[in-house]
Amino acid sequence: MKDVSVLSSDPKQGHDGLWSQAPSMPAFPTKRVDVWRVRLDERVRAGSEASVLSPDEIARASRFHFERDRTHFSRCRSALRRLLAGYLAMPATEIRFEYLSNGKPQITDEQNPRGLQFNVSHSADVALIAVGSKHRLGVDIEKIRVEVDTDSLAERFFSFHERAELRALPDHLRVPAFYACWTRKEAFLKATGDGLSFPLADFSVTTHPELDPGLEEIRGNTEARKHWFLADLVVDGYRATMAVEGAVSQLETYTYTCTCYPNAPMKVSSASM
């Protein structure tokens, strides 16, 4: 079991070994958050993803113009269903989602008496699925692109405090800091469920890529940071952050794979990037 400080206090210690094998399906995540890394480019049996998807999910996948996008969506949603099925001890095909006004999915109340919470993010060939209980949570992952225009994007989307911190950093930390700030902000917004209705400039997170992630303030209220926990997640070539409302005593990170045969038990194992 990992102490959360392993991931949050020293990102330089991170490596793919932090994403470990789950010997069996983890127990219901009480006072714990599990984050699963899903390789969207991993080879699986043809058609296996669709075997657990609902008709509306299949229809949604078909609307993607590019085959790669259709495959990634189906693979990510299939992994989500199989993981949630393990936590809820029910068939993946029977899970029903309802959607909040902002489009964020959640499990229907009648199927979720213990308040299982989840959030999904994907970028390029990797998806992250965070699972907890009771408290709101969010996760964000972004593929790092060194050519990003950090100054103009920060001016548009970051708070005054964040922009000042970004400008104060040496040049070699600007891109890592930009992505650290971006994923920390997005993870928080996804946890709240507010999305773009909550202006990005109205709250601040820490920006230094090698120091602890955290919420700094919301509209000048520094007390708000006491109610949120943020942790950086290490994925080679990407930047990622998990945010959860309230305290977290344990954080587990797993690599997900699945045999994906229809109605077969879910299997998870460790795999390196």
# chains A, B, ... in the order shown; residues from 1 in each chain; ligands from 1
>>> residues_around(residues="Leu128 (chain A)", least_positions_apart="6", cutoff="7 Å", atoms="only C-alpha atoms", output="list in words")
Val35, Trp36, Arg37, Val38, Val120, Ser121 and His122 of chain A
>>> select_by_dssp(residues="region 200-250 of chain A", states="strand (DSSP E)", output="ChimeraX atom specification")
/A:203-205,215-218,228-233,238-245,250
>>> write_last_selection(atoms="N, CA and C atoms", output="PDB file, in the first residue's frame")
ATOM      1  N   PHE A 203      -9.549  30.633  -9.310  1.00  0.00           N
ATOM      2  CA  PHE A 203      -8.905  29.862  -8.253  1.00  0.00           C
ATOM      3  C   PHE A 203      -7.465  29.580  -8.656  1.00  0.00           C
ATOM      4  N   SER A 204      -6.643  29.253  -7.675  1.00  0.00           N
ATOM      5  CA  SER A 204      -5.221  29.029  -7.934  1.00  0.00           C
ATOM      6  C   SER A 204      -4.766  27.710  -7.335  1.00  0.00           C
ATOM      7  N   VAL A 205      -3.845  27.057  -8.047  1.00  0.00           N
ATOM      8  CA  VAL A 205      -3.182  25.857  -7.550  1.00  0.00           C
ATOM      9  C   VAL A 205      -1.679  26.114  -7.543  1.00  0.00           C
ATOM     10  N   LEU A 215      -4.283  22.961  -3.789  1.00  0.00           N
ATOM     11  CA  LEU A 215      -5.155  24.094  -4.055  1.00  0.00           C
ATOM     12  C   LEU A 215      -4.692  25.254  -3.179  1.00  0.00           C
ATOM     13  N   GLU A 216      -4.514  26.434  -3.760  1.00  0.00           N
ATOM     14  CA  GLU A 216      -4.035  27.594  -3.016  1.00  0.00           C
ATOM     15  C   GLU A 216      -5.193  28.450  -2.482  1.00  0.00           C
ATOM     16  N   GLU A 217      -6.143  28.770  -3.367  1.00  0.00           N
ATOM     17  CA  GLU A 217      -7.252  29.617  -2.956  1.00  0.00           C
ATOM     18  C   GLU A 217      -8.367  29.543  -3.987  1.00  0.00           C
ATOM     19  N   ILE A 218      -9.571  29.887  -3.537  1.00  0.00           N
ATOM     20  CA  ILE A 218     -10.723  30.024  -4.427  1.00  0.00           C
ATOM     21  C   ILE A 218     -11.303  31.409  -4.209  1.00  0.00           C
ATOM     22  N   TRP A 228      -9.390  20.105   0.252  1.00  0.00           N
ATOM     23  CA  TRP A 228      -9.066  19.363  -0.968  1.00  0.00           C
ATOM     24  C   TRP A 228      -7.664  18.771  -0.885  1.00  0.00           C
ATOM     25  N   PHE A 229      -7.536  17.577  -1.438  1.00  0.00           N
ATOM     26  CA  PHE A 229      -6.238  16.911  -1.524  1.00  0.00           C
ATOM     27  C   PHE A 229      -5.914  16.664  -2.998  1.00  0.00           C
ATOM     28  N   LEU A 230      -4.698  17.041  -3.411  1.00  0.00           N
ATOM     29  CA  LEU A 230      -4.241  16.820  -4.779  1.00  0.00           C
ATOM     30  C   LEU A 230      -2.985  15.962  -4.763  1.00  0.00           C
ATOM     31  N   ALA A 231      -2.853  15.080  -5.723  1.00  0.00           N
ATOM     32  CA  ALA A 231      -1.651  14.248  -5.857  1.00  0.00           C
ATOM     33  C   ALA A 231      -1.257  14.168  -7.322  1.00  0.00           C
ATOM     34  N   ASP A 232       0.021  14.382  -7.602  1.00  0.00           N
ATOM     35  CA  ASP A 232       0.545  14.181  -8.949  1.00  0.00           C
ATOM     36  C   ASP A 232       0.724  12.693  -9.203  1.00  0.00           C
ATOM     37  N   LEU A 233       0.470  12.279 -10.442  1.00  0.00           N
ATOM     38  CA  LEU A 233       0.605  10.884 -10.855  1.00  0.00           C
ATOM     39  C   LEU A 233       1.659  10.817 -11.948  1.00  0.00           C
ATOM     40  N   TYR A 238       3.778  12.205 -19.976  1.00  0.00           N
ATOM     41  CA  TYR A 238       2.515  12.862 -19.654  1.00  0.00           C
ATOM     42  C   TYR A 238       2.652  13.593 -18.319  1.00  0.00           C
ATOM     43  N   ARG A 239       1.669  14.439 -18.040  1.00  0.00           N
ATOM     44  CA  ARG A 239       1.507  15.020 -16.718  1.00  0.00           C
ATOM     45  C   ARG A 239       0.096  14.672 -16.257  1.00  0.00           C
ATOM     46  N   ALA A 240      -0.051  14.310 -14.991  1.00  0.00           N
ATOM     47  CA  ALA A 240      -1.365  13.897 -14.496  1.00  0.00           C
ATOM     48  C   ALA A 240      -1.522  14.255 -13.034  1.00  0.00           C
ATOM     49  N   THR A 241      -2.759  14.528 -12.637  1.00  0.00           N
ATOM     50  CA  THR A 241      -3.083  14.888 -11.261  1.00  0.00           C
ATOM     51  C   THR A 241      -4.430  14.305 -10.886  1.00  0.00           C
ATOM     52  N   MET A 242      -4.546  13.904  -9.617  1.00  0.00           N
ATOM     53  CA  MET A 242      -5.810  13.466  -9.044  1.00  0.00           C
ATOM     54  C   MET A 242      -6.189  14.444  -7.945  1.00  0.00           C
ATOM     55  N   ALA A 243      -7.471  14.822  -7.885  1.00  0.00           N
ATOM     56  CA  ALA A 243      -7.972  15.712  -6.842  1.00  0.00           C
ATOM     57  C   ALA A 243      -9.165  15.056  -6.163  1.00  0.00           C
ATOM     58  N   VAL A 244      -9.235  15.175  -4.844  1.00  0.00           N
ATOM     59  CA  VAL A 244     -10.357  14.599  -4.110  1.00  0.00           C
ATOM     60  C   VAL A 244     -10.747  15.546  -2.983  1.00  0.00           C
ATOM     61  N   GLU A 245     -12.032  15.650  -2.750  1.00  0.00           N
ATOM     62  CA  GLU A 245     -12.537  16.470  -1.664  1.00  0.00           C
ATOM     63  C   GLU A 245     -12.396  15.710  -0.357  1.00  0.00           C
ATOM     64  N   GLN A 250      -5.068   6.598   1.767  1.00  0.00           N
ATOM     65  CA  GLN A 250      -4.338   5.690   0.885  1.00  0.00           C
ATOM     66  C   GLN A 250      -4.620   6.033  -0.573  1.00  0.00           C
TER      67      GLN A 250
END
>>> closest_atom_pairs(of="region 21-74 of chain A", to="region 129-136 of chain A", cutoff="12 Å", atoms="only C-alpha atoms", output="JSON lines")
{"residue": "A:Pro26", "atom": "CA", "partner": "A:Val131", "partner_atom": "CA", "distance": 10.7}
{"residue": "A:Ala27", "atom": "CA", "partner": "A:Gly132", "partner_atom": "CA", "distance": 10.8}
{"residue": "A:Phe28", "atom": "CA", "partner": "A:Ser133", "partner_atom": "CA", "distance": 8.1}
{"residue": "A:Pro29", "atom": "CA", "partner": "A:Gly132", "partner_atom": "CA", "distance": 5.3}
{"residue": "A:Thr30", "atom": "CA", "partner": "A:Ser133", "partner_atom": "CA", "distance": 6.1}
{"residue": "A:Lys31", "atom": "CA", "partner": "A:Ser133", "partner_atom": "CA", "distance": 7.3}
{"residue": "A:Arg32", "atom": "CA", "partner": "A:Gly132", "partner_atom": "CA", "distance": 6.1}
{"residue": "A:Val33", "atom": "CA", "partner": "A:Gly132", "partner_atom": "CA", "distance": 4.6}
{"residue": "A:Asp34", "atom": "CA", "partner": "A:Val131", "partner_atom": "CA", "distance": 5.2}
{"residue": "A:Val35", "atom": "CA", "partner": "A:Ala130", "partner_atom": "CA", "distance": 4.3}
{"residue": "A:Trp36", "atom": "CA", "partner": "A:Ile129", "partner_atom": "CA", "distance": 5.1}
{"residue": "A:Arg37", "atom": "CA", "partner": "A:Ile129", "partner_atom": "CA", "distance": 6.7}
{"residue": "A:Val38", "atom": "CA", "partner": "A:Ile129", "partner_atom": "CA", "distance": 7.7}
{"residue": "A:Arg39", "atom": "CA", "partner": "A:Ile129", "partner_atom": "CA", "distance": 11.3}
>>> atom_distance(atom1="CA of Ala224 (chain A)", atom2="CA of Glu98 (chain A)")
28.8 Å
>>> residues_around(residues="Ile58 (chain A)", least_positions_apart="2", cutoff="12 Å", atoms="only C-alpha atoms", output="PyMOL selection string")
chain A and resi 47+49-56+60-64+70-71+73-75+77-78
>>> write_last_selection(atoms="N, CA and C atoms", output="mmCIF file, in the first residue's frame")
data_model
loop_
_atom_site.group_PDB
_atom_site.id
_atom_site.type_symbol
_atom_site.label_atom_id
_atom_site.label_comp_id
_atom_site.auth_asym_id
_atom_site.auth_seq_id
_atom_site.Cartn_x
_atom_site.Cartn_y
_atom_site.Cartn_z
ATOM 1 N N GLY A 47 -13.557 -6.545 -31.286
ATOM 2 C CA GLY A 47 -14.942 -6.475 -30.869
ATOM 3 C C GLY A 47 -15.176 -6.680 -29.393
ATOM 4 N N GLU A 49 -14.414 -4.822 -26.809
ATOM 5 C CA GLU A 49 -14.885 -3.672 -26.057
ATOM 6 C C GLU A 49 -16.399 -3.526 -26.168
ATOM 7 N N ALA A 50 -16.912 -3.690 -27.380
ATOM 8 C CA ALA A 50 -18.341 -3.486 -27.612
ATOM 9 C C ALA A 50 -19.201 -4.490 -26.863
ATOM 10 N N SER A 51 -18.615 -5.602 -26.435
ATOM 11 C CA SER A 51 -19.396 -6.645 -25.787
ATOM 12 C C SER A 51 -19.992 -6.194 -24.464
ATOM 13 N N VAL A 52 -19.436 -5.162 -23.831
ATOM 14 C CA VAL A 52 -19.971 -4.694 -22.551
ATOM 15 C C VAL A 52 -20.586 -3.300 -22.652
ATOM 16 N N LEU A 53 -20.533 -2.677 -23.814
ATOM 17 C CA LEU A 53 -21.057 -1.325 -23.965
ATOM 18 C C LEU A 53 -22.566 -1.328 -24.147
ATOM 19 N N SER A 54 -23.192 -0.242 -23.730
ATOM 20 C CA SER A 54 -24.627 -0.077 -23.915
ATOM 21 C C SER A 54 -24.896 0.398 -25.346
ATOM 22 N N PRO A 55 -26.124 0.278 -25.821
ATOM 23 C CA PRO A 55 -26.434 0.759 -27.179
ATOM 24 C C PRO A 55 -26.086 2.224 -27.398
ATOM 25 N N ASP A 56 -26.335 3.069 -26.404
ATOM 26 C CA ASP A 56 -26.013 4.493 -26.596
ATOM 27 C C ASP A 56 -24.509 4.733 -26.651
ATOM 28 N N ARG A 60 -22.526 6.284 -29.743
ATOM 29 C CA ARG A 60 -21.600 7.410 -29.545
ATOM 30 C C ARG A 60 -20.251 7.114 -30.183
ATOM 31 N N ALA A 61 -19.757 5.888 -30.014
ATOM 32 C CA ALA A 61 -18.474 5.512 -30.615
ATOM 33 C C ALA A 61 -18.533 5.620 -32.135
ATOM 34 N N SER A 62 -19.660 5.233 -32.712
ATOM 35 C CA SER A 62 -19.784 5.233 -34.181
ATOM 36 C C SER A 62 -19.757 6.632 -34.767
ATOM 37 N N ARG A 63 -20.013 7.646 -33.932
ATOM 38 C CA ARG A 63 -20.039 9.017 -34.444
ATOM 39 C C ARG A 63 -18.647 9.633 -34.576
ATOM 40 N N PHE A 64 -17.633 8.975 -34.024
ATOM 41 C CA PHE A 64 -16.271 9.488 -34.203
ATOM 42 C C PHE A 64 -15.829 9.290 -35.653
ATOM 43 N N ARG A 70 -12.594 6.120 -32.324
ATOM 44 C CA ARG A 70 -13.641 5.159 -31.988
ATOM 45 C C ARG A 70 -13.088 4.055 -31.095
ATOM 46 N N THR A 71 -11.899 3.565 -31.449
ATOM 47 C CA THR A 71 -11.278 2.497 -30.665
ATOM 48 C C THR A 71 -10.935 2.967 -29.264
ATOM 49 N N PHE A 73 -12.268 5.445 -27.505
ATOM 50 C CA PHE A 73 -13.470 5.647 -26.701
ATOM 51 C C PHE A 73 -14.028 4.313 -26.217
ATOM 52 N N SER A 74 -14.143 3.349 -27.120
ATOM 53 C CA SER A 74 -14.703 2.045 -26.755
ATOM 54 C C SER A 74 -13.835 1.338 -25.724
ATOM 55 N N ARG A 75 -12.526 1.416 -25.906
ATOM 56 C CA ARG A 75 -11.613 0.739 -24.987
ATOM 57 C C ARG A 75 -11.668 1.384 -23.605
ATOM 58 N N ARG A 77 -14.207 3.201 -22.263
ATOM 59 C CA ARG A 77 -15.506 2.969 -21.628
ATOM 60 C C ARG A 77 -15.663 1.515 -21.209
ATOM 61 N N SER A 78 -15.106 0.594 -21.995
ATOM 62 C CA SER A 78 -15.144 -0.819 -21.620
ATOM 63 C C SER A 78 -14.352 -1.054 -20.338
#
>>> closest_residue(among="A:Thr183, A:Met25, A:Glu223, A:Val175", to="Gly86 (chain A)", atoms="only C-alpha atoms")
A:Met25
>>> closest_residue(among="A:Ser123, A:Val234, A:Leu166, A:His161", to="Arg145 (chain A)", atoms="only C-alpha atoms")
A:Ser123
